$ cat target.csv   # CSV, C-alpha atoms
chain,number,residue,atom,x,y,z
F,434,MET,CA,0.0,0.0,0.0
F,435,ASP,CA,1.4,3.4,-0.9
F,436,PHE,CA,1.8,6.0,1.8
F,437,SER,CA,-0.9,8.5,0.7
F,438,ARG,CA,-3.6,5.8,0.6
F,439,ALA,CA,-2.4,4.2,3.9
F,440,LEU,CA,-2.6,7.6,5.6
F,441,ARG,CA,-6.0,8.4,4.2
F,442,GLU,CA,-7.4,5.1,5.3
F,443,ARG,CA,-6.2,5.4,8.8
F,444,ARG,CA,-7.5,9.0,9.1
F,445,THR,CA,-11.0,8.1,7.8
F,446,ARG,CA,-11.0,5.0,10.1
F,447,ARG,CA,-10.7,7.3,13.0
F,448,HIS,CA,-13.4,9.6,11.7
F,449,LEU,CA,-11.0,12.6,11.5
F,450,SER,CA,-11.2,15.3,8.9
F,451,GLN,CA,-8.1,16.6,7.1
F,452,LEU,CA,-8.4,19.8,9.2
F,453,ASP,CA,-8.6,17.8,12.4
F,454,LEU,CA,-5.5,15.8,11.7
F,455,ALA,CA,-3.6,18.8,10.3
F,456,LEU,CA,-4.3,20.8,13.5
F,457,ARG,CA,-3.2,17.8,15.7
F,458,ALA,CA,0.0,17.3,13.7
F,459,GLY,CA,0.9,21.0,13.5
F,460,THR,CA,0.6,21.4,9.8
F,461,THR,CA,-2.0,22.9,7.3
F,462,GLN,CA,-5.0,21.3,5.8
F,463,ARG,CA,-3.6,22.2,2.4
F,464,HIS,CA,-0.3,20.4,3.1
F,465,LEU,CA,-2.1,17.3,4.4
F,466,SER,CA,-4.3,17.3,1.3
F,467,PHE,CA,-1.2,17.4,-0.9
F,468,ILE,CA,0.3,14.5,1.1
F,469,GLU,CA,-2.9,12.4,0.8
F,470,SER,CA,-3.1,13.1,-2.9
F,471,GLY,CA,0.5,12.1,-3.5
F,472,ARG,CA,1.4,15.6,-4.7
F,473,SER,CA,3.7,16.2,-1.7
F,474,VAL,CA,6.3,13.8,-0.2
F,475,PRO,CA,6.4,14.1,3.7
F,476,GLY,CA,9.7,14.0,5.6
F,477,ARG,CA,10.3,11.4,8.2
F,478,ASN,CA,9.5,13.8,11.1
F,479,MET,CA,6.1,14.6,9.5
F,480,VAL,CA,5.2,10.9,9.1
F,481,VAL,CA,6.0,10.4,12.8
F,482,ARG,CA,3.9,13.4,13.8
F,483,LEU,CA,1.0,12.2,11.7
F,484,ALA,CA,1.2,8.7,13.1
F,485,GLU,CA,1.4,10.0,16.7
F,486,SER,CA,-1.5,12.4,16.0
F,487,LEU,CA,-3.6,9.4,14.7
F,488,GLU,CA,-2.7,7.6,18.0
F,489,LEU,CA,-1.7,4.5,16.0
F,490,PRO,CA,-0.3,1.5,17.7
F,491,LEU,CA,3.5,1.3,17.4
F,492,ARG,CA,3.3,-1.5,14.8
F,493,GLU,CA,1.1,0.6,12.5
F,494,ARG,CA,3.4,3.6,13.0
F,495,ASN,CA,6.3,1.5,11.7
F,496,GLU,CA,4.1,0.3,8.8
F,497,LEU,CA,3.3,3.9,7.9
F,498,LEU,CA,7.0,4.8,8.0
F,499,LEU,CA,7.8,1.9,5.7
F,500,ALA,CA,5.1,2.9,3.3
F,501,ALA,CA,6.7,6.3,3.1
F,502,GLY,CA,10.1,4.8,2.4
F,503,TYR,CA,11.6,5.3,5.9
F,504,ALA,CA,13.0,2.8,8.4
F,505,PRO,CA,10.8,1.9,11.3
F,506,ALA,CA,11.2,4.1,14.4
F,507,TYR,CA,10.2,1.5,17.0
F,508,PRO,CA,12.1,-1.7,17.8
F,509,GLU,CA,10.4,-5.1,18.0
F,510,SER,CA,12.3,-7.2,20.5
F,511,SER,CA,11.9,-10.9,21.4
F,512,LEU,CA,10.6,-11.4,24.9
F,513,ASP,CA,13.8,-13.4,25.8
F,514,ASP,CA,16.0,-10.5,24.6
F,515,PRO,CA,18.1,-9.2,27.5
F,516,VAL,CA,16.8,-5.7,26.9
F,517,LEU,CA,13.3,-6.8,28.1
F,518,ALA,CA,14.6,-8.6,31.2
F,519,PRO,CA,13.1,-5.8,33.4
F,520,VAL,CA,9.7,-6.4,31.6
F,521,ARG,CA,9.8,-10.1,32.5
F,522,THR,CA,10.6,-9.3,36.1
F,523,ALA,CA,7.7,-6.8,36.1
F,524,ILE,CA,5.3,-9.4,34.7
F,525,ASP,CA,6.3,-11.8,37.5
F,526,HIS,CA,5.7,-9.2,40.1
F,527,ILE,CA,2.3,-8.2,38.6
F,528,LEU,CA,1.1,-11.8,38.3
F,529,ARG,CA,2.2,-12.5,41.9
F,530,GLY,CA,0.4,-9.4,43.1
F,531,TYR,CA,-2.9,-10.5,41.7
F,532,LEU,CA,-2.9,-13.8,43.6
F,533,PRO,CA,-5.2,-15.3,44.7
F,534,TYR,CA,-7.1,-14.0,41.6
F,535,PRO,CA,-6.3,-15.5,38.2
F,536,ALA,CA,-4.2,-13.4,35.9
F,537,LEU,CA,-2.4,-13.9,32.6
F,538,VAL,CA,-0.4,-12.0,30.0
F,539,VAL,CA,-1.0,-12.5,26.3
F,540,ASP,CA,0.6,-11.1,23.1
F,541,ARG,CA,-1.2,-9.3,20.2
F,542,ASN,CA,-2.6,-12.6,18.9
F,543,GLY,CA,-3.9,-13.8,22.2
F,544,ASP,CA,-1.1,-16.3,22.7
F,545,LEU,CA,-0.3,-17.0,26.4
F,546,ILE,CA,2.9,-15.5,27.6
F,547,ALA,CA,2.5,-16.1,31.4
F,548,ALA,CA,0.0,-16.9,34.0
F,549,ASN,CA,-0.2,-17.4,37.8
F,550,ASP,CA,-1.3,-20.6,39.4
F,551,ALA,CA,-4.8,-19.3,40.2
F,552,PHE,CA,-5.4,-19.4,36.4
F,553,GLY,CA,-5.5,-23.2,36.8
F,554,LEU,CA,-9.0,-22.9,38.2
F,555,ILE,CA,-10.1,-21.3,35.0
F,556,THR,CA,-8.4,-23.9,32.7
F,557,GLU,CA,-9.2,-27.1,34.7
F,558,GLY,CA,-10.6,-29.8,32.5
F,559,ALA,CA,-9.5,-28.2,29.2
F,560,ALA,CA,-7.6,-30.4,26.7
F,561,PRO,CA,-3.8,-30.2,27.3
F,562,GLU,CA,-3.1,-29.1,23.8
F,563,LEU,CA,-5.1,-25.9,24.4
F,564,VAL,CA,-3.4,-25.0,27.7
F,565,GLY,CA,0.1,-23.5,28.4
F,566,PRO,CA,2.6,-20.9,27.1
F,567,GLY,CA,2.2,-20.2,23.4
F,568,LYS,CA,-1.4,-21.5,23.3
F,569,ASN,CA,-4.2,-19.1,22.2
F,570,VAL,CA,-6.4,-18.1,25.1
F,571,TYR,CA,-9.3,-17.1,22.9
F,572,ARG,CA,-9.3,-20.6,21.4
F,573,LEU,CA,-9.1,-22.0,24.9
F,574,ALA,CA,-12.1,-19.9,25.9
F,575,LEU,CA,-14.4,-20.9,23.1
F,576,HIS,CA,-13.2,-24.3,21.8
F,577,PRO,CA,-15.5,-27.2,22.8
F,578,ASP,CA,-12.5,-29.0,24.3
F,579,GLY,CA,-11.6,-25.8,26.2
F,580,ILE,CA,-13.5,-24.1,28.9
F,581,ALA,CA,-16.6,-23.3,26.8
F,582,PRO,CA,-18.7,-26.3,28.2
F,583,ARG,CA,-18.2,-24.8,31.7
F,584,ILE,CA,-19.3,-21.2,30.8
F,585,ARG,CA,-22.9,-20.7,31.9
F,586,ASN,CA,-23.3,-17.5,29.9
F,587,LEU,CA,-21.5,-18.6,26.8
F,588,ALA,CA,-23.5,-16.4,24.4
F,589,GLU,CA,-22.5,-13.2,26.2
F,590,TRP,CA,-18.9,-14.3,26.9
F,591,ALA,CA,-18.4,-15.5,23.3
F,592,ARG,CA,-19.6,-12.1,22.0
F,593,HIS,CA,-17.2,-10.4,24.3
F,594,ILE,CA,-14.3,-12.5,23.0
F,595,LEU,CA,-15.2,-12.2,19.3
F,596,THR,CA,-15.4,-8.4,19.4
F,597,ARG,CA,-11.8,-8.3,20.5
F,598,LEU,CA,-10.5,-10.1,17.4
F,599,GLY,CA,-10.9,-7.4,14.8
F,600,HIS,CA,-7.3,-7.9,13.4
F,601,LEU,CA,-7.4,-11.7,13.7
F,602,GLU,CA,-9.9,-12.5,11.0
F,603,GLU,CA,-9.0,-16.2,10.5
F,604,LEU,CA,-9.1,-16.9,14.2
F,605,ARG,CA,-12.4,-15.0,14.6
F,606,GLU,CA,-14.0,-17.1,11.8
F,607,GLU,CA,-12.8,-20.3,13.4
F,608,LEU,CA,-14.1,-19.4,16.9
F,609,ALA,CA,-17.4,-18.1,15.6
F,610,GLY,CA,-18.0,-21.6,14.3
F,611,TYR,CA,-17.7,-23.0,17.9
F,612,VAL,CA,-20.3,-20.7,19.3
F,613,PRO,CA,-23.9,-21.9,19.5
F,614,ASP,CA,-26.7,-19.7,18.2
F,615,LEU,CA,-27.9,-18.6,21.6
F,616,GLU,CA,-29.9,-15.5,22.7
F,617,PRO,CA,-27.9,-13.5,25.3
F,618,SER,CA,-29.6,-13.2,28.6
F,619,ALA,CA,-30.2,-10.1,30.7
F,620,GLY,CA,-28.0,-11.3,33.5
F,621,GLN,CA,-25.2,-8.7,33.3
F,622,LEU,CA,-23.6,-6.5,35.9
F,623,GLY,CA,-24.8,-3.3,34.2
F,624,PHE,CA,-21.2,-2.1,33.8
F,625,ALA,CA,-19.3,-5.2,32.6
F,626,VAL,CA,-19.8,-8.6,31.0
F,627,PRO,CA,-19.3,-11.1,33.7
F,628,LEU,CA,-18.0,-14.7,33.3
F,629,HIS,CA,-20.1,-17.3,35.0
F,630,LEU,CA,-17.8,-20.4,35.1
F,631,LEU,CA,-18.5,-23.8,36.6
F,632,SER,CA,-15.5,-25.1,38.5
F,633,SER,CA,-14.4,-27.7,41.0
F,634,ARG,CA,-15.1,-25.1,43.7
F,635,GLY,CA,-18.5,-24.2,42.5
F,636,GLU,CA,-19.8,-21.6,40.1
F,637,LEU,CA,-17.4,-18.6,39.8
F,638,HIS,CA,-18.7,-15.1,39.0
F,639,LEU,CA,-15.9,-13.1,37.6
F,640,MET,CA,-15.2,-9.8,35.8
F,641,THR,CA,-12.0,-8.9,34.0
F,642,THR,CA,-9.7,-6.0,33.8
F,643,VAL,CA,-7.0,-5.4,31.1
F,644,THR,CA,-3.7,-3.6,31.8
F,645,THR,CA,-1.1,-2.5,29.2
F,646,PHE,CA,2.3,-0.9,29.4
F,647,ALA,CA,1.3,2.7,28.6
F,648,THR,CA,4.7,4.2,28.0
F,649,ALA,CA,6.1,1.4,25.8
F,650,VAL,CA,8.3,2.3,22.9
F,651,ASP,CA,9.0,-1.3,21.9
F,652,VAL,CA,6.4,-3.0,19.6
F,653,THR,CA,6.4,-6.3,21.5
F,654,LEU,CA,6.0,-4.6,24.9
F,655,ALA,CA,3.3,-2.3,23.6
F,656,GLU,CA,1.2,-5.2,22.4
F,657,LEU,CA,1.3,-7.2,25.7
F,658,LYS,CA,-2.0,-7.3,27.7
F,659,LEU,CA,-2.4,-8.4,31.2
F,660,GLU,CA,-5.9,-9.7,32.0
F,661,ALA,CA,-7.0,-10.3,35.6
F,662,PHE,CA,-10.2,-12.2,36.7
F,663,LEU,CA,-11.7,-10.5,39.7
F,664,PRO,CA,-14.5,-11.9,41.9
F,665,VAL,CA,-18.0,-10.4,41.6
F,666,ASP,CA,-19.3,-11.8,44.9
F,667,PRO,CA,-18.0,-13.1,48.3
F,668,ALA,CA,-18.5,-16.8,47.3
F,669,THR,CA,-16.3,-16.4,44.3
F,670,ALA,CA,-13.7,-14.5,46.4
F,671,GLY,CA,-13.7,-17.4,48.9
F,672,ALA,CA,-13.2,-20.0,46.2
F,673,LEU,CA,-10.3,-18.1,44.7
F,674,GLN,CA,-8.7,-17.7,48.1
F,675,ALA,CA,-8.3,-21.4,48.2
F,676,THR,CA,-6.3,-21.5,45.0
F,677,ALA,CA,-3.4,-19.2,46.2
F,678,GLY,CA,0.0,-20.4,45.0
F,679,PRO,CA,3.2,-19.3,43.4
F,680,VAL,CA,3.4,-17.8,39.9
F,681,SER,CA,4.4,-19.8,36.9
F,682,THR,CA,5.7,-17.9,33.8
F,683,ALA,CA,7.3,-18.8,30.5
F,684,THR,CA,7.6,-17.4,27.1
F,685,PRO,CA,6.5,-19.4,24.0
F,686,GLY,CA,8.8,-22.3,23.3
F,687,GLN,CA,10.0,-22.6,26.9
F,688,ALA,CA,8.9,-25.4,29.3
F,689,PRO,CA,5.6,-24.4,31.0
F,690,GLY,CA,6.7,-25.3,34.5
F,691,ASN,CA,3.7,-25.9,36.7
F,692,MET,CA,1.4,-23.7,34.8
$ encode --input "target.csv" --output "structure tokens"
Amino acid sequence: MDFSRALRERRTRRHLSQLDLALRAGTTQRHLSFIESGRSVPGRNMVVRLAESLELPLRERNELLLAAGYAPAYPESSLDDPVLAPVRTAIDHILRGYLPYPALVVDRNGDLIAANDAFGLITEGAAPELVGPGKNVYRLALHPDGIAPRIRNLAEWARHILTRLGHLEELREELAGYVPDLEPSAGQLGFAVPLHLLSSRGELHLMTTVTTFATAVDVTLAELKLEAFLPVDPATAGALQATAGPVSTATPGQAPGNM
């Protein structure tokens, strides 16, 4: 895709006019119009300013720079790279801090990076090939051999999962085929979609939170998401208290330990 078309598509996707984007990027509407029509070639600094003004993810900022003929501005490190050692340490601390509540870290594709032992209560009974580092947690959630048979409100939860897969079209199509044609019930919290999950400790009522590294300038780090499952009621909190244990972490390709 050429730069002018890539820029125009990203601007319209965010429902910004040329004037809006020009003001954000500190340029004129006329100059932006020339850039989008291909009549003007932007410098590297202008491309970076436009990408920042569009609030694009770091991966897309690099793609925009490449489309304009410039080298990427943001590195993409492997998680086992020494430069990300502090990140791995931070992940360990965060996961331990959430105990006794289940928590996990996934990459941009939903593949598991790390989890604490409380997450075992979520995954119990799932097929081994669906569980562990490098395995896709969205597939784990909706696959008939995963945790789907234990989800009491599968229609609501499946809809919640599928709406998060906008950039993963093939995975979304696969998982949609696992979801039964059910009518969502009215049993929601009013402010969040709960997960009603049958477990060996009774039915768990959970809500989730998602945390990201807000100041990341590395593509890999920026795309990590930490999701925690928090109790909605005292009974669920009590059940989770009984699962407290040490954290188990691993990057894809490593041994999963006791995860």
$ residues_around --input "target.csv" --residues "region 516-526 of chain F" --least-positions-apart "5" --cutoff "12 Å" --atoms "all atoms listed in the file" --output "ChimeraX atom specification"
/F:508-511,531-532,536-539,546-550,644-646,649-655,657-660,679-684
$ closest_residue --input "target.csv" --among "F:Ala672, F:Leu440, F:Ala581, F:Ala661" --to "Pro613 (chain F)" --atoms "all atoms listed in the file"
F:Ala581
$ closest_residue --input "target.csv" --among "F:Met479, F:Leu499, F:Ala559, F:Ala551" --to "Pro582 (chain F)" --atoms "only C-alpha atoms"
F:Ala559
$ residues_around --input "target.csv" --residues "Phe552 (chain F)" --least-positions-apart "4" --cutoff "9 Å" --atoms "only C-alpha atoms" --output "PyMOL selection string"
chain F and resi 534-537+548+556-557+662+676+692
$ closest_residue --input "target.csv" --among "F:Ala574, F:Leu601, F:Val612, F:Met640" --to "Ala588 (chain F)" --atoms "all atoms listed in the file"
F:Val612
$ axis_aligned_box --input "target.csv" --around "region 471-479 of chain F" --padding-each-side "8 Å" --output "AutoDock Vina command-line options"
--center_x 5.4 --center_y 13.8 --center_z 3.2 --size_x 25.8 --size_y 20.8 --size_z 31.8
$ closest_residue --input "target.csv" --among "F:Leu545, F:Ile468, F:Ala455, F:Ala560" --to "Glu485 (chain F)" --atoms "all atoms listed in the file"
F:Ala455
$ closest_residue --input "target.csv" --among "F:Val570, F:Pro490, F:Gln462, F:Leu498" --to "Asn478 (chain F)" --atoms "all atoms listed in the file"
F:Leu498
$ closest_residue --input "target.csv" --among "F:Ser486, F:Pro667, F:Leu631, F:Pro533" --to "Leu449 (chain F)" --atoms "only C-alpha atoms"
F:Ser486
